[in-house]
file data_23.txt (compact mmCIF, C-alpha atoms and all ligand atoms)
# COMPACT_ATOMS: atom_id res chain seq x y z
CA MET A 1 17.43 -179.77 60.50
CA PRO A 2 19.04 -180.58 63.87
CA ARG A 3 18.09 -178.11 66.56
CA LEU A 4 21.10 -175.88 67.22
CA GLN A 5 22.53 -175.62 70.73
CA PRO A 6 24.85 -173.01 72.27
CA PRO A 7 28.53 -174.04 72.10
CA ARG A 8 29.81 -176.33 74.86
CA GLY A 9 30.54 -174.40 78.06
CA THR A 10 28.38 -171.41 77.10
CA HIS A 11 24.79 -170.65 78.01
CA ASP A 12 21.93 -168.32 77.28
CA LEU A 13 20.91 -166.05 80.12
CA ILE A 14 17.14 -165.75 80.16
CA GLY A 15 14.47 -165.04 82.79
CA ASP A 16 15.43 -165.83 86.41
CA GLU A 17 19.03 -166.52 85.43
CA GLN A 18 19.49 -163.20 83.66
CA ARG A 19 17.84 -161.31 86.53
CA ARG A 20 20.19 -162.94 89.05
CA HIS A 21 23.11 -162.09 86.79
CA ARG A 22 22.02 -158.47 86.47
CA LEU A 23 21.40 -158.08 90.19
CA VAL A 24 25.01 -159.15 90.82
CA THR A 25 26.37 -156.72 88.22
CA ASP A 26 24.18 -153.79 89.30
CA THR A 27 24.97 -154.32 93.00
CA ALA A 28 28.71 -154.61 92.36
CA ARG A 29 28.70 -151.52 90.13
CA ALA A 30 26.81 -149.50 92.76
CA ILE A 31 29.03 -150.54 95.68
CA ALA A 32 32.25 -150.11 93.69
CA GLY A 33 30.95 -146.66 92.74
CA ARG A 34 30.81 -145.75 96.41
CA TYR A 35 34.55 -146.44 96.57
CA GLY A 36 35.11 -144.14 93.59
CA PHE A 37 35.64 -146.92 91.02
CA GLU A 38 34.54 -145.75 87.58
CA GLU A 39 33.54 -148.23 84.90
CA TRP A 40 35.85 -148.93 81.97
CA ALA A 41 34.89 -151.09 79.01
CA THR A 42 37.87 -152.57 77.17
CA PRO A 43 37.70 -154.82 74.07
CA ILE A 44 36.67 -158.44 74.45
CA PHE A 45 39.65 -159.46 72.32
CA GLU A 46 43.17 -158.10 72.51
CA ASP A 47 46.50 -158.75 70.77
CA THR A 48 47.67 -162.11 72.08
CA ALA A 49 50.78 -160.42 73.51
CA VAL A 50 48.60 -158.63 76.10
CA PHE A 51 48.00 -161.99 77.80
CA ALA A 52 50.67 -164.43 76.65
CA ARG A 53 53.65 -163.20 78.61
CA THR A 54 51.95 -161.23 81.34
CA LEU A 55 49.74 -164.00 82.76
CA GLY A 56 52.72 -166.35 82.89
CA GLU A 57 53.90 -168.83 80.26
CA THR A 58 53.48 -171.71 82.71
CA SER A 59 50.03 -170.70 83.98
CA ASP A 60 47.03 -172.94 83.21
CA VAL A 61 45.33 -170.10 81.39
CA VAL A 62 48.18 -169.52 78.94
CA THR A 63 49.25 -173.14 78.45
CA LYS A 64 45.82 -174.61 77.76
CA GLU A 65 42.86 -172.29 78.18
CA MET A 66 43.19 -169.34 75.79
CA TYR A 67 40.97 -168.82 72.76
CA THR A 68 43.67 -167.63 70.39
CA PHE A 69 43.12 -167.21 66.65
CA ALA A 70 44.59 -165.49 63.63
CA ASP A 71 42.17 -162.94 62.20
CA ARG A 72 41.73 -162.39 58.46
CA GLY A 73 44.66 -159.98 58.41
CA GLY A 74 46.92 -162.57 60.04
CA ASP A 75 47.14 -160.87 63.45
CA SER A 76 47.12 -163.16 66.49
CA LEU A 77 44.21 -162.21 68.73
CA THR A 78 42.92 -163.73 71.97
CA LEU A 79 39.47 -163.58 73.54
CA ARG A 80 40.18 -162.10 76.96
CA PRO A 81 40.51 -164.78 79.66
CA GLU A 82 40.57 -162.15 82.42
CA GLY A 83 40.21 -158.40 82.87
CA THR A 84 43.32 -157.05 84.59
CA ALA A 85 45.75 -157.23 81.66
CA GLY A 86 43.35 -155.33 79.37
CA VAL A 87 42.82 -152.58 81.97
CA CYS A 88 46.60 -152.15 82.37
CA ARG A 89 46.98 -152.09 78.58
CA ALA A 90 44.25 -149.41 78.40
CA LEU A 91 45.94 -147.32 81.12
CA VAL A 92 49.05 -147.14 78.94
CA SER A 93 47.26 -146.84 75.54
CA ASN A 94 45.19 -143.91 76.79
CA GLY A 95 48.09 -142.01 78.32
CA LEU A 96 46.68 -142.21 81.83
CA THR A 97 49.86 -143.28 83.58
CA GLN A 98 50.47 -139.74 84.84
CA THR A 99 46.91 -139.41 86.20
CA LEU A 100 46.99 -141.61 89.25
CA PRO A 101 45.41 -143.17 91.11
CA GLN A 102 42.97 -144.69 88.65
CA ARG A 103 40.05 -146.59 90.15
CA VAL A 104 38.50 -148.91 87.60
CA PHE A 105 35.40 -151.12 87.67
CA TYR A 106 34.60 -153.56 84.86
CA ALA A 107 31.96 -156.17 84.07
CA GLY A 108 31.68 -158.52 81.14
CA PRO A 109 32.35 -161.90 79.52
CA MET A 110 35.64 -163.81 79.79
CA PHE A 111 36.68 -166.89 77.80
CA ARG A 112 38.66 -169.94 78.84
CA TYR A 113 38.85 -173.32 77.15
CA GLU A 114 38.13 -175.40 80.28
CA ARG A 115 36.28 -178.63 80.98
CA PRO A 116 32.74 -177.39 81.66
CA GLN A 117 31.19 -178.37 85.00
CA LYS A 118 29.16 -176.74 87.75
CA GLY A 119 30.48 -173.19 88.18
CA ARG A 120 33.05 -173.60 85.38
CA PHE A 121 32.26 -172.48 81.85
CA ARG A 122 34.02 -171.51 78.63
CA GLN A 123 32.24 -168.19 78.42
CA PHE A 124 31.68 -166.86 81.91
CA HIS A 125 31.29 -163.37 83.29
CA GLN A 126 33.20 -161.35 85.81
CA ILE A 127 32.87 -158.15 87.72
CA GLY A 128 36.13 -156.69 88.95
CA VAL A 129 38.00 -153.63 90.14
CA GLU A 130 41.56 -152.40 89.72
CA LEU A 131 43.15 -149.68 91.84
CA LEU A 132 46.21 -148.44 89.95
CA GLY A 133 48.91 -146.25 91.43
CA PRO A 134 49.24 -146.52 95.20
CA HIS A 135 51.93 -148.75 96.66
CA ASN A 136 50.32 -148.89 100.05
CA PRO A 137 48.89 -151.68 102.22
CA VAL A 138 45.80 -149.54 102.80
CA ALA A 139 45.03 -149.69 99.06
CA ASP A 140 45.23 -153.50 99.11
CA ALA A 141 42.96 -153.64 102.17
CA GLU A 142 40.58 -151.14 100.59
CA VAL A 143 40.11 -153.31 97.49
CA ILE A 144 39.51 -156.35 99.69
CA ALA A 145 37.02 -154.34 101.79
CA CYS A 146 35.19 -153.34 98.60
CA GLY A 147 34.91 -157.00 97.59
CA HIS A 148 33.59 -157.88 101.02
CA HIS A 149 31.13 -154.97 100.83
CA ILE A 150 29.75 -156.30 97.52
CA LEU A 151 29.23 -159.75 99.07
CA ARG A 152 27.45 -158.12 102.02
CA ALA A 153 25.22 -156.06 99.72
CA LEU A 154 24.30 -159.29 97.89
CA GLY A 155 23.42 -160.88 101.24
CA ILE A 156 25.95 -163.71 100.84
CA ALA A 157 28.89 -162.56 102.99
CA GLU A 158 27.95 -164.91 105.84
CA GLY A 159 28.66 -168.11 103.91
CA VAL A 160 31.89 -166.85 102.36
CA ARG A 161 35.37 -166.93 103.99
CA LEU A 162 38.13 -164.46 103.15
CA GLU A 163 41.59 -166.03 102.97
CA ILE A 164 44.68 -163.88 102.54
CA ASN A 165 48.34 -164.53 101.93
CA THR A 166 51.43 -162.67 100.81
CA LEU A 167 53.48 -163.81 97.83
CA GLY A 168 56.36 -161.59 98.93
CA ASP A 169 58.32 -159.06 96.88
CA ASP A 170 61.04 -159.94 94.33
CA GLU A 171 63.66 -160.43 97.04
CA SER A 172 61.40 -162.75 99.08
CA ARG A 173 60.43 -164.74 96.01
CA ALA A 174 64.03 -165.23 94.88
CA ARG A 175 64.79 -166.74 98.30
CA TYR A 176 61.60 -168.78 98.30
CA ARG A 177 62.27 -170.06 94.81
CA GLU A 178 65.59 -171.52 95.95
CA ALA A 179 63.92 -173.23 98.88
CA LEU A 180 61.25 -174.69 96.60
CA VAL A 181 63.74 -175.94 94.02
CA ALA A 182 65.72 -177.64 96.80
CA TYR A 183 62.57 -179.21 98.26
CA PHE A 184 60.81 -180.35 95.07
CA GLY A 185 64.18 -181.45 93.65
CA LYS A 186 64.08 -184.32 96.16
CA PHE A 187 60.81 -185.60 94.63
CA VAL A 188 61.40 -184.98 90.93
CA GLY A 189 60.48 -188.50 89.91
CA ASP A 190 57.18 -188.43 91.82
CA LEU A 191 55.95 -185.12 90.46
CA SER A 192 53.51 -184.91 87.54
CA ALA A 193 55.06 -184.19 84.16
CA GLU A 194 53.62 -180.71 84.25
CA SER A 195 55.12 -179.96 87.66
CA GLN A 196 58.50 -181.29 86.53
CA MET A 197 58.40 -178.80 83.69
CA ARG A 198 57.39 -176.07 86.11
CA LEU A 199 60.24 -176.94 88.49
CA GLU A 200 62.67 -175.39 86.03
CA LYS A 201 60.58 -172.53 84.73
CA ASN A 202 58.49 -171.46 87.71
CA PRO A 203 58.56 -173.67 90.82
CA LEU A 204 55.99 -171.45 92.60
CA ARG A 205 53.42 -172.61 90.05
CA ILE A 206 53.74 -176.21 91.35
CA LEU A 207 51.95 -175.08 94.50
CA ASP A 208 48.86 -174.46 92.34
CA SER A 209 48.83 -178.04 90.92
CA LYS A 210 45.56 -179.94 91.22
CA ASP A 211 47.26 -183.35 90.71
CA ALA A 212 46.63 -185.63 93.74
CA LYS A 213 50.22 -186.93 94.03
CA ASP A 214 51.59 -183.40 93.66
CA ARG A 215 49.23 -182.24 96.39
CA ALA A 216 50.65 -184.76 98.84
CA ILE A 217 54.19 -183.52 98.18
CA ILE A 218 53.08 -179.88 98.29
CA ALA A 219 51.61 -180.37 101.77
CA ASP A 220 55.11 -180.32 103.34
CA ALA A 221 56.70 -177.76 101.00
CA PRO A 222 58.42 -174.71 102.49
CA ARG A 223 56.22 -171.68 103.14
CA ILE A 224 56.71 -168.19 101.78
CA GLY A 225 56.10 -166.73 105.24
CA ASP A 226 59.50 -168.08 106.33
CA HIS A 227 61.29 -166.36 103.43
CA LEU A 228 59.86 -162.85 103.52
CA SER A 229 62.00 -159.72 103.26
CA ASP A 230 61.45 -157.10 105.98
CA PHE A 231 59.56 -154.95 103.52
CA ALA A 232 57.19 -157.74 102.46
CA HIS A 233 56.63 -158.70 106.07
CA GLN A 234 55.78 -155.11 107.07
CA PHE A 235 53.52 -154.67 104.06
CA HIS A 236 51.55 -157.77 104.95
CA GLU A 237 51.25 -156.65 108.56
CA GLY A 238 49.86 -153.36 107.26
CA VAL A 239 47.18 -155.12 105.19
CA ARG A 240 46.18 -157.20 108.20
CA ARG A 241 45.96 -154.14 110.45
CA THR A 242 43.80 -152.16 108.01
CA LEU A 243 41.46 -155.10 107.44
CA ALA A 244 41.03 -155.48 111.18
CA ALA A 245 40.40 -151.74 111.60
CA ALA A 246 37.75 -151.89 108.85
CA ARG A 247 36.21 -154.96 110.53
CA VAL A 248 36.67 -157.24 107.53
CA PRO A 249 37.04 -160.79 108.90
CA PHE A 250 39.82 -162.90 107.35
CA VAL A 251 42.01 -165.95 107.91
CA GLU A 252 45.58 -166.53 106.75
CA ASN A 253 46.15 -169.25 104.16
CA PRO A 254 49.85 -169.64 103.29
CA ARG A 255 48.92 -171.95 100.38
CA ILE A 256 47.23 -169.31 98.21
CA VAL A 257 49.36 -168.68 95.12
CA ARG A 258 46.68 -167.67 92.55
CA GLY A 259 46.57 -168.99 89.01
CA LEU A 260 48.22 -166.04 87.26
CA ASP A 261 51.88 -165.06 87.46
CA TYR A 262 51.64 -161.30 87.79
CA TYR A 263 50.78 -161.18 91.49
CA SER A 264 53.23 -160.16 94.23
CA LEU A 265 52.70 -159.23 97.88
CA THR A 266 48.99 -159.51 98.77
CA ALA A 267 46.92 -162.39 97.36
CA PHE A 268 43.41 -163.25 98.51
CA GLU A 269 40.37 -165.40 97.79
CA PHE A 270 36.77 -165.35 98.97
CA ILE A 271 35.70 -168.99 99.29
CA THR A 272 32.42 -170.76 99.96
CA GLU A 273 31.72 -174.40 100.79
CA ARG A 274 28.40 -174.23 98.98
CA LEU A 275 29.62 -174.70 95.40
CA GLY A 276 31.67 -177.90 95.67
CA ALA A 277 35.05 -177.82 93.95
CA GLN A 278 34.37 -174.41 92.38
CA GLY A 279 34.30 -172.63 95.74
CA THR A 280 36.34 -169.51 94.91
CA VAL A 281 33.81 -166.79 94.14
CA MET A 282 36.13 -163.77 94.16
CA ALA A 283 39.90 -163.53 94.02
CA GLY A 284 42.71 -161.12 93.41
CA GLY A 285 45.84 -159.48 94.63
CA HIS A 286 48.61 -156.95 94.23
CA TYR A 287 50.77 -156.69 91.10
CA GLU A 288 53.82 -154.63 90.19
CA ALA A 289 55.13 -155.46 86.71
CA LEU A 290 51.95 -155.55 84.66
CA VAL A 291 51.78 -151.89 83.55
CA LYS A 292 55.47 -151.98 82.63
CA GLU A 293 54.90 -155.13 80.56
CA MET A 294 52.35 -153.12 78.56
CA GLY A 295 55.03 -150.55 77.73
CA GLY A 296 54.29 -148.10 80.54
CA PRO A 297 56.25 -147.01 83.60
CA GLU A 298 56.43 -149.12 86.74
CA ILE A 299 53.00 -148.63 88.33
CA PRO A 300 51.67 -151.03 90.94
CA GLY A 301 48.06 -152.06 91.19
CA VAL A 302 45.68 -154.18 93.20
CA GLY A 303 42.41 -155.71 92.12
CA PHE A 304 39.98 -158.58 92.25
CA ALA A 305 37.66 -160.40 89.90
CA ALA A 306 34.53 -162.34 90.83
CA GLY A 307 32.67 -164.91 88.78
CA ILE A 308 29.14 -163.59 88.28
CA GLU A 309 27.71 -167.09 87.69
CA ARG A 310 29.16 -168.34 91.00
CA LEU A 311 27.83 -165.33 92.91
CA ALA A 312 24.44 -165.66 91.19
CA MET A 313 24.19 -169.30 92.33
CA LEU A 314 24.56 -168.15 95.95
CA LEU A 315 21.70 -165.64 95.82
CA ALA A 316 18.71 -166.77 97.85
CA ALA A 317 15.95 -165.97 95.37
CA PRO A 318 16.07 -164.32 91.97
CA PRO A 319 14.56 -160.87 91.85
CA PRO A 320 10.99 -161.10 90.52
CA ALA A 321 10.16 -160.20 86.94
CA PRO A 322 8.51 -156.77 86.90
CA ALA A 323 4.72 -157.18 86.69
CA PRO A 324 3.37 -154.51 84.34
CA VAL A 325 0.17 -152.54 84.63
CA PHE A 326 -2.10 -153.89 81.88
CA VAL A 327 -4.03 -151.60 79.52
CA LEU A 328 -7.12 -153.19 77.95
CA HIS A 329 -9.63 -151.99 75.40
CA ALA A 330 -13.12 -153.26 74.55
CA GLU A 331 -13.13 -152.78 70.79
CA ASP A 332 -10.81 -152.08 67.87
CA SER A 333 -11.78 -148.43 67.57
CA LEU A 334 -10.32 -147.80 71.06
CA ALA A 335 -6.91 -149.32 70.37
CA ASP A 336 -5.16 -146.00 69.71
CA ASP A 337 -6.70 -144.35 72.78
CA ALA A 338 -5.59 -147.33 74.88
CA PHE A 339 -2.09 -147.20 73.42
CA ALA A 340 -1.93 -143.45 74.14
CA VAL A 341 -2.78 -144.16 77.81
CA THR A 342 -0.10 -146.88 77.81
CA GLN A 343 2.50 -144.36 76.65
CA THR A 344 1.34 -141.77 79.21
CA LEU A 345 1.94 -144.30 81.99
CA ARG A 346 5.34 -145.32 80.57
CA ASN A 347 6.36 -141.67 80.30
CA ALA A 348 5.52 -141.36 83.98
CA GLY A 349 7.91 -144.22 84.77
CA ILE A 350 5.30 -146.96 85.27
CA VAL A 351 5.99 -150.42 83.79
CA THR A 352 3.05 -150.85 81.44
CA GLU A 353 1.93 -153.37 78.83
CA PHE A 354 -0.62 -152.87 76.07
CA TYR A 355 -2.91 -155.86 75.57
CA TYR A 356 -3.35 -156.29 71.80
CA TYR A 357 -6.75 -157.95 71.62
CA PRO A 358 -10.01 -156.00 71.93
CA ALA A 359 -11.34 -158.21 74.73
CA LEU A 360 -11.71 -157.03 78.34
CA LYS A 361 -12.53 -160.41 79.91
CA ARG A 362 -9.68 -162.28 78.26
CA GLY A 363 -7.37 -159.38 79.01
CA LEU A 364 -8.24 -159.45 82.69
CA GLU A 365 -7.61 -163.20 82.84
CA ARG A 366 -4.22 -162.66 81.30
CA ALA A 367 -3.44 -159.72 83.64
CA ASN A 368 -4.29 -161.85 86.68
CA LYS A 369 -2.24 -164.74 85.36
CA ILE A 370 0.95 -162.66 85.21
CA ALA A 371 0.11 -161.00 88.57
CA ALA A 372 -0.32 -157.52 87.11
CA PRO A 373 -0.92 -155.09 89.98
CA ALA A 374 -3.56 -153.15 88.08
CA ALA A 375 -5.54 -153.07 84.86
CA ILE A 376 -6.69 -149.98 82.99
CA LEU A 377 -9.91 -150.59 81.06
CA LEU A 378 -11.16 -148.55 78.13
CA GLY A 379 -14.73 -149.47 77.26
CA SER A 380 -16.82 -147.52 74.80
CA ASP A 381 -19.07 -146.13 77.55
CA GLU A 382 -16.16 -144.89 79.60
CA VAL A 383 -14.60 -143.09 76.67
CA GLU A 384 -17.88 -141.37 75.91
CA LYS A 385 -18.00 -140.22 79.48
CA ASN A 386 -14.31 -139.31 79.28
CA ALA A 387 -13.60 -141.72 82.12
CA ILE A 388 -11.20 -144.65 82.40
CA VAL A 389 -11.59 -147.63 84.70
CA VAL A 390 -8.66 -148.43 86.98
CA ARG A 391 -8.91 -151.81 88.62
CA ASP A 392 -6.71 -152.74 91.57
CA LEU A 393 -6.02 -156.43 90.91
CA ARG A 394 -4.11 -157.11 94.14
CA ARG A 395 -6.71 -155.87 96.59
CA ARG A 396 -9.62 -156.73 94.27
CA GLU A 397 -10.89 -153.27 95.02
CA GLN A 398 -13.81 -151.56 93.51
CA THR A 399 -13.43 -150.17 90.06
CA SER A 400 -12.75 -146.44 89.92
CA HIS A 401 -13.46 -143.95 87.16
CA PHE A 402 -11.04 -141.21 86.23
CA ALA A 403 -10.42 -138.60 83.62
CA PRO A 404 -7.27 -139.51 81.57
CA ALA A 405 -5.28 -136.72 83.20
CA ASP A 406 -5.82 -138.27 86.64
CA VAL A 407 -4.95 -141.85 85.70
CA VAL A 408 -1.21 -141.51 86.28
CA MET A 409 -1.58 -140.09 89.76
CA HIS A 410 -4.09 -142.75 90.71
CA VAL A 411 -2.02 -145.66 89.38
CA LYS A 412 1.07 -144.34 91.19
CA LYS A 413 -0.84 -144.19 94.49
CA LEU A 414 -2.22 -147.65 93.92
CA LEU A 415 1.24 -149.11 93.20
CA ALA A 416 2.66 -147.41 96.27
CA GLY A 417 0.06 -149.21 98.37
CA GLY A 418 -2.37 -146.34 98.89
CA ALA A 419 -5.16 -145.65 96.39
P1 LIG B 501 39.62 -171.58 89.63
O1 LIG B 501 40.64 -171.93 90.66
O2 LIG B 501 38.21 -171.87 90.06
O3 LIG B 501 39.96 -172.13 88.28
P2 LIG B 501 40.90 -169.15 88.87
O4 LIG B 501 41.98 -169.02 89.85
O5 LIG B 501 41.22 -169.66 87.52
O6 LIG B 501 39.67 -169.99 89.48
P3 LIG B 501 40.61 -166.29 88.49
O7 LIG B 501 41.38 -166.26 87.24
O8 LIG B 501 41.19 -165.72 89.71
O9 LIG B 501 40.10 -167.78 88.78
O10 LIG B 501 39.17 -165.63 88.24
C1 LIG B 501 38.43 -165.00 89.29
C2 LIG B 501 37.08 -165.63 89.46
O11 LIG B 501 36.42 -165.84 88.22
C3 LIG B 501 37.10 -167.02 90.09
O12 LIG B 501 37.20 -166.93 91.46
C4 LIG B 501 35.75 -167.56 89.67
O13 LIG B 501 34.72 -167.05 90.50
C5 LIG B 501 35.60 -166.99 88.28
N1 LIG B 501 35.99 -167.97 87.25
C6 LIG B 501 37.24 -168.28 86.82
N2 LIG B 501 37.20 -169.19 85.84
C7 LIG B 501 35.88 -169.48 85.63
C8 LIG B 501 35.17 -170.33 84.75
N3 LIG B 501 35.80 -171.08 83.83
N4 LIG B 501 33.80 -170.36 84.82
C9 LIG B 501 33.15 -169.61 85.73
N5 LIG B 501 33.76 -168.78 86.59
C10 LIG B 501 35.11 -168.70 86.55
MG MG B 502 41.15 -171.57 86.64

call {"tool": "encode", "arguments": {"input": "data_23.txt", "output": "structure tokens"}}
result
Amino acid sequence: MPRLQPPRGTHDLIGDEQRRHRLVTDTARAIAGRYGFEEWATPIFEDTAVFARTLGETSDVVTKEMYTFADRGGDSLTLRPEGTAGVCRALVSNGLTQTLPQRVFYAGPMFRYERPQKGRFRQFHQIGVELLGPHNPVADAEVIACGHHILRALGIAEGVRLEINTLGDDESRARYREALVAYFGKFVGDLSAESQMRLEKNPLRILDSKDAKDRAIIADAPRIGDHLSDFAHQFHEGVRRTLAAARVPFVENPRIVRGLDYYSLTAFEFITERLGAQGTVMAGGHYEALVKEMGGPEIPGVGFAAGIERLAMLLAAPPPAPAPVFVLHAEDSLADDAFAVTQTLRNAGIVTEFYYYPALKRGLERANKIAAPAAILLGSDEVEKNAIVVRDLRRREQTSHFAPADVVMHVKKLLAGGA
């Protein structure tokens, strides 16, 4: 039989990799919690309609990256390519549109049919937040500050640059669209086929093209900043002011458009030079029409998503595997006593492992090999004397004898560095 492999673009998370992954998720969850974001878990697949129109019919995700399938009942379902649409759907489905603001944190797998490469997978994982309700530049800045806080807590904020832009409101974008059509219209023949298609449907999307010839033309394209309405201009100024007041460093990048269509006003990306072409580790923005598209009232929101794999790659060292206290016994008849001690330690919150073989010497070798901080030894003599040997394996300290009731206290002291 051929040895089976995980599907292309997916991977198993084991050992160091899983611990990095979990550190990112746990840190993000804890920091987001400080901002009042509460975790929601929405389904990994949704009706295709949740994504198809809302993410934009000309976006990369919808045109070529979605895992869409008919289930056995004939319904069209899609594995979620991102988290925001599902959260907005859930806000409406659960009748929460009158209970605002809602502050949502989520973490979990996302699916996109992409060409796998470093930092780009078909199943990847994101942490993200959505702040639903306020139409206020402070809310946008607050979400950005939360993202920055998570990067700081992970110890990677130094090597990451925050870039912000505004995509304007409807009025600004209508004006900008005209300017883009006029500009790109002059180069129709030179644009990639995809961009030519986008020129009619959604010229803004051309700015997101990765095609080299398109990029050259895009370099001189008009900028949204020159087409902003007063409101959009003021809103952006507000975001900038709040970020400065909160001491979140940023630079302006008028070229940020984001890959999904639902954004308006604020758009931002946290970028590093350390991951090659896949340098965007966290990204998001403000949106206005998404909740309405799910059948709810007009409720604005702002959020970000970060790729856990990309963040995990930036972590200096993976957190160490927990080294358990080892419980050993000298002969078969002591196995149950030894297991009872093991459970006593676990009940007291101490990471503990029961060594299955009745062999003290071999057990100690094994305990040293995995860097166990301590070993508990049950030999027949000790049990007769109602005493248990606790050996400090880090300091190689003298063996101590204790009554079972005292073992927990002693091991705790020893692990805390005393003893
Ligand atoms: P990119 O420009 O790299 O394709 P994107 O604009 O498609 O990113 P978003 O949809 O904004 O990305 O997703 C937010 C974050 O999720 C990205 O910044 C990145 O960290 C991560 N991400 C997106 N797609 C993938 C993927 N295929 N594999 C791993 N991480 C991803
Ligand atoms: Mg993408």

call {"tool": "atom_distance", "arguments": {"input": "data_23.txt", "atom1": "atom CA of A:Ala305", "atom2": "atom O11 of ligand LIG 501 (chain B)"}}
result
5.8 Å

call {"tool": "residues_around", "arguments": {"input": "data_23.txt", "residues": "A:Ile388", "least_positions_apart": "6", "cutoff": "9 Å", "atoms": "all atoms listed in the file", "output": "short mmCIF file (atom, residue, chain, number, x, y, z; two decimals) with C-alpha atoms, in the frame of the given file"}}
result
data_model
loop_
_atom_site.label_atom_id
_atom_site.label_comp_id
_atom_site.auth_asym_id
_atom_site.auth_seq_id
_atom_site.Cartn_x
_atom_site.Cartn_y
_atom_site.Cartn_z
CA ILE A 376 -6.69 -149.98 82.99
CA LEU A 377 -9.91 -150.59 81.06
CA LEU A 378 -11.16 -148.55 78.13
CA GLY A 379 -14.73 -149.47 77.26
CA GLU A 382 -16.16 -144.89 79.60
CA SER A 400 -12.75 -146.44 89.92
CA HIS A 401 -13.46 -143.95 87.16
CA PHE A 402 -11.04 -141.21 86.23
CA ALA A 403 -10.42 -138.60 83.62
CA PRO A 404 -7.27 -139.51 81.57
CA VAL A 407 -4.95 -141.85 85.70
#

call {"tool": "closest_residue", "arguments": {"input": "data_23.txt", "among": "A:His21, A:Arg115, A:Arg72, A:Arg346", "to": "ligand MG 502 (chain B)", "atoms": "all atoms listed in the file"}}
result
A:Arg115

call {"tool": "atom_distance", "arguments": {"input": "data_23.txt", "atom1": "atom CA of A:Leu132", "atom2": "atom CA of A:Pro300"}}
result
6.1 Å

call {"tool": "residues_near_ligand", "arguments": {"input": "data_23.txt", "ligand": "ligand LIG 501 (chain B)", "cutoff": "7 Å", "atoms": "only C-alpha atoms and all ligand atoms", "output": "VMD selection string"}}
result
chain A and resid 82 112 114 119 to 126 258 to 260 278 to 284 305 to 310

call {"tool": "axis_aligned_box", "arguments": {"input": "data_23.txt", "around": "stretch 196-212 of chain A", "padding_each_side": "8 Å", "output": "lines of an AutoDock Vina configuration file"}}
result
center_x = 54.1
center_y = -178.5
center_z = 89.1
size_x = 33.1
size_y = 30.2
size_z = 26.8

call {"tool": "residues_around", "arguments": {"input": "data_23.txt", "residues": "A:Phe339", "least_positions_apart": "4", "cutoff": "10 Å", "atoms": "only C-alpha atoms", "output": "count of residues only"}}
result
12

call {"tool": "decode", "arguments": {"input": "data_23.txt", "residues": "stretch 405-417 of chain A", "atoms": "N, CA and C atoms", "output": "short mmCIF file (atom, residue, chain, number, x, y, z; two decimals), in the first residue's frame"}}
result
data_model
loop_
_atom_site.label_atom_id
_atom_site.label_comp_id
_atom_site.auth_asym_id
_atom_site.auth_seq_id
_atom_site.Cartn_x
_atom_site.Cartn_y
_atom_site.Cartn_z
N ALA A 405 1.08 11.70 51.97
CA ALA A 405 0.34 12.95 52.12
C ALA A 405 1.23 14.17 51.91
N ASP A 406 2.54 14.03 52.13
CA ASP A 406 3.44 15.17 52.01
C ASP A 406 4.06 15.32 50.61
N VAL A 407 3.84 14.29 49.78
CA VAL A 407 4.53 14.30 48.47
C VAL A 407 4.14 15.52 47.64
N VAL A 408 2.85 15.83 47.59
CA VAL A 408 2.40 16.92 46.74
C VAL A 408 3.08 18.22 47.12
N MET A 409 3.06 18.54 48.40
CA MET A 409 3.66 19.78 48.87
C MET A 409 5.14 19.84 48.50
N HIS A 410 5.82 18.71 48.70
CA HIS A 410 7.25 18.68 48.43
C HIS A 410 7.55 18.87 46.93
N VAL A 411 6.79 18.16 46.10
CA VAL A 411 7.01 18.28 44.65
C VAL A 411 6.72 19.71 44.19
N LYS A 412 5.69 20.32 44.73
CA LYS A 412 5.36 21.70 44.34
C LYS A 412 6.50 22.65 44.69
N LYS A 413 7.06 22.49 45.89
CA LYS A 413 8.19 23.33 46.31
C LYS A 413 9.37 23.12 45.38
N LEU A 414 9.62 21.86 45.08
CA LEU A 414 10.75 21.50 44.24
C LEU A 414 10.60 22.13 42.84
N LEU A 415 9.39 22.06 42.28
CA LEU A 415 9.16 22.61 40.94
C LEU A 415 9.26 24.13 40.96
N ALA A 416 8.90 24.73 42.09
CA ALA A 416 8.96 26.19 42.19
C ALA A 416 10.38 26.67 42.41
N GLY A 417 11.31 25.73 42.59
CA GLY A 417 12.72 26.12 42.74
C GLY A 417 13.22 26.01 44.16
#
